[in-house]
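Enquirer: Below: one structure in C-alpha coordinates.
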Amino acid sequence: MDHNEGQRPRSPQDADKITSTGTAALVEPWLLLSEQLTPLIGESGFCALFGRTIRLSVVRFDRLGSCSSARPVADLLMSLTRTLNEIGPEQAADANRVLLDTFTTLLGSLIGEALTQQLLQVAQRSADGHKHGQEQK
(Lines give C-alpha, C1' and ligand atoms only; values in the text may rest on other atoms or scores of the structure.)
Protein backbone atom coordinates (compact mmCIF):
# COMPACT_ATOMS: atom_id res chain seq x y z
CA MET A 1 0.00 0.00 0.00
CA ASP A 2 1.35 3.42 -0.92
CA HIS A 3 1.04 5.67 2.12
CA ASN A 4 1.66 8.72 -0.06
CA GLU A 5 -1.23 8.00 -2.39
CA GLY A 6 -3.47 10.99 -2.86
CA GLN A 7 -0.86 13.44 -1.59
CA ARG A 8 0.10 14.81 -5.00
CA PRO A 9 -0.70 18.52 -5.16
CA ARG A 10 -2.80 18.07 -8.25
CA SER A 11 -6.54 18.05 -8.54
CA PRO A 12 -8.24 17.26 -11.84
CA GLN A 13 -9.24 20.91 -12.33
CA ASP A 14 -5.67 22.16 -11.69
CA ALA A 15 -3.83 19.51 -13.70
CA ASP A 16 -3.96 21.33 -17.05
CA LYS A 17 -2.93 24.65 -15.52
CA ILE A 18 0.01 23.10 -13.65
CA THR A 19 1.23 21.11 -16.65
CA SER A 20 0.90 24.02 -19.03
CA THR A 21 2.98 26.33 -16.86
CA GLY A 22 5.72 23.81 -16.13
CA THR A 23 5.11 24.11 -12.40
CA ALA A 24 4.75 20.34 -12.07
CA ALA A 25 8.43 19.94 -12.91
CA LEU A 26 9.33 22.50 -10.25
CA VAL A 27 7.23 20.80 -7.58
CA GLU A 28 8.48 17.27 -8.38
CA PRO A 29 11.65 17.60 -6.24
CA TRP A 30 9.45 18.61 -3.31
CA LEU A 31 7.29 15.53 -3.81
CA LEU A 32 10.38 13.33 -3.77
CA LEU A 33 11.84 15.09 -0.73
CA SER A 34 8.59 14.76 1.17
CA GLU A 35 8.39 11.05 0.32
CA GLN A 36 11.93 10.51 1.62
CA LEU A 37 11.84 12.77 4.66
CA THR A 38 8.32 12.43 6.04
CA PRO A 39 8.88 8.87 7.29
CA LEU A 40 12.06 10.06 9.02
CA ILE A 41 11.11 13.44 10.49
CA GLY A 42 7.33 13.27 10.31
CA GLU A 43 4.90 15.44 8.46
CA SER A 44 5.06 18.19 11.06
CA GLY A 45 8.88 18.15 10.88
CA PHE A 46 8.84 18.45 7.11
CA CYS A 47 6.29 21.28 7.24
CA ALA A 48 8.28 23.10 9.95
CA LEU A 49 11.48 22.84 7.92
CA PHE A 50 9.65 24.03 4.81
CA GLY A 51 8.14 26.91 6.78
CA ARG A 52 11.58 28.01 7.94
CA THR A 53 12.77 27.74 4.34
CA ILE A 54 9.94 30.03 3.21
CA ARG A 55 10.69 32.58 5.93
CA LEU A 56 14.36 32.71 4.93
CA SER A 57 13.60 32.83 1.19
CA VAL A 58 11.01 35.62 1.37
CA VAL A 59 13.92 38.05 1.61
CA ARG A 60 14.77 37.34 -2.05
CA PHE A 61 11.27 36.53 -3.33
CA ASP A 62 8.66 38.37 -1.31
CA ARG A 63 5.80 36.69 -3.20
CA LEU A 64 6.79 33.39 -1.57
CA GLY A 65 5.24 34.84 1.58
CA SER A 66 1.83 33.75 0.32
CA CYS A 67 2.93 30.12 0.41
CA SER A 68 1.57 28.37 3.50
CA SER A 69 3.53 25.85 5.53
CA ALA A 70 1.23 25.22 8.49
CA ARG A 71 -0.69 22.42 6.79
CA PRO A 72 -0.33 18.75 5.85
CA VAL A 73 2.35 18.14 3.22
CA ALA A 74 -0.21 17.69 0.43
CA ASP A 75 -1.73 21.12 1.15
CA LEU A 76 1.72 22.66 1.53
CA LEU A 77 2.71 21.42 -1.92
CA MET A 78 -0.57 22.63 -3.41
CA SER A 79 0.09 26.04 -1.90
CA LEU A 80 3.61 26.00 -3.35
CA THR A 81 2.19 25.07 -6.76
CA ARG A 82 -0.31 27.95 -6.65
CA THR A 83 2.37 30.40 -5.51
CA LEU A 84 4.78 29.36 -8.26
CA ASN A 85 1.99 29.64 -10.84
CA GLU A 86 1.23 33.17 -9.65
CA ILE A 87 4.89 34.24 -9.76
CA GLY A 88 5.32 33.36 -13.43
CA PRO A 89 7.69 30.98 -15.23
CA GLU A 90 10.99 32.88 -15.05
CA GLN A 91 10.72 33.94 -11.43
CA ALA A 92 9.14 30.64 -10.39
CA ALA A 93 12.22 28.68 -11.48
CA ASP A 94 14.54 31.07 -9.63
CA ALA A 95 12.35 31.11 -6.52
CA ASN A 96 12.13 27.32 -6.48
CA ARG A 97 15.91 27.03 -6.85
CA VAL A 98 16.38 29.35 -3.86
CA LEU A 99 13.84 27.33 -1.87
CA LEU A 100 15.54 24.03 -2.64
CA ASP A 101 19.01 25.40 -1.84
CA THR A 102 17.80 26.90 1.43
CA PHE A 103 15.92 23.73 2.38
CA THR A 104 18.92 21.47 1.76
CA THR A 105 21.23 23.86 3.61
CA LEU A 106 18.91 23.87 6.63
CA LEU A 107 18.53 20.10 6.47
CA GLY A 108 22.31 19.71 6.28
CA SER A 109 22.77 21.88 9.34
CA LEU A 110 20.29 19.73 11.25
CA ILE A 111 21.29 16.21 10.24
CA GLY A 112 24.71 16.69 8.66
CA GLU A 113 25.92 17.07 5.12
CA ALA A 114 26.67 13.38 4.56
CA LEU A 115 23.19 12.18 5.51
CA THR A 116 21.58 15.04 3.58
CA GLN A 117 23.52 14.10 0.44
CA GLN A 118 22.59 10.46 0.91
CA LEU A 119 18.88 11.33 1.19
CA LEU A 120 19.08 13.58 -1.87
CA GLN A 121 20.76 10.81 -3.86
CA VAL A 122 18.04 8.34 -2.85
CA ALA A 123 15.38 10.85 -3.89
CA GLN A 124 17.16 11.41 -7.21
CA ARG A 125 17.39 7.67 -7.86
CA SER A 126 13.69 7.44 -7.04
CA ALA A 127 12.97 10.07 -9.66
CA ASP A 128 15.21 8.45 -12.27
CA GLY A 129 14.19 4.87 -11.59
CA HIS A 130 10.59 5.55 -10.60
CA LYS A 131 11.12 3.64 -7.38
CA HIS A 132 10.11 4.97 -4.02
CA GLY A 133 12.37 4.74 -0.98
CA GLN A 134 10.12 2.19 0.71
CA GLU A 135 10.24 -0.04 -2.36
CA GLN A 136 14.03 -0.26 -2.20
CA LYS A 137 14.17 -2.17 1.09
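Just so we're on the same page: first chain in the C-alpha coordinates is A, next is B, and so on; residues restart at 1 for each chain, and ligands are numbered from 1 in the order they show up.
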With a distance cut-off of 9 Å and only C-alpha atoms, select the neighbouring residues of range 73-83 of chain A, excluding the residue or stretch itself and same-chain residues fewer than 3 positions from it, and output the selection as a PyMOL selection string.
Expert: chain A and resi 6-10+18+23-24+26-27+30-31+34+38+43-44+46-47+50+63-70+86-88+92
Enquirer: Taking only C-alpha atoms into account, which of A:Asn96, A:Leu110, A:Asp128, A:Val122 comes nearest Glu35 in chain A?
Expert: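 Counting only C-alpha atoms, the residue closest to Glu35 in chain A is A:Val122.
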Enquirer: Expressed in Å to a single decimal, how great is the separation between CA of Val59 in chain A and CA of Gly45 in chain A?
Expert: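 Rounded to one decimal, the two atoms are 22.5 Å apart.
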Enquirer: Could you work out how far CA of Leu32 in chain A lies from CA of Ala123 in chain A, giving the answer in Å with one decimal?
Expert: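 Rounded to one decimal, the two atoms are 5.6 Å apart.
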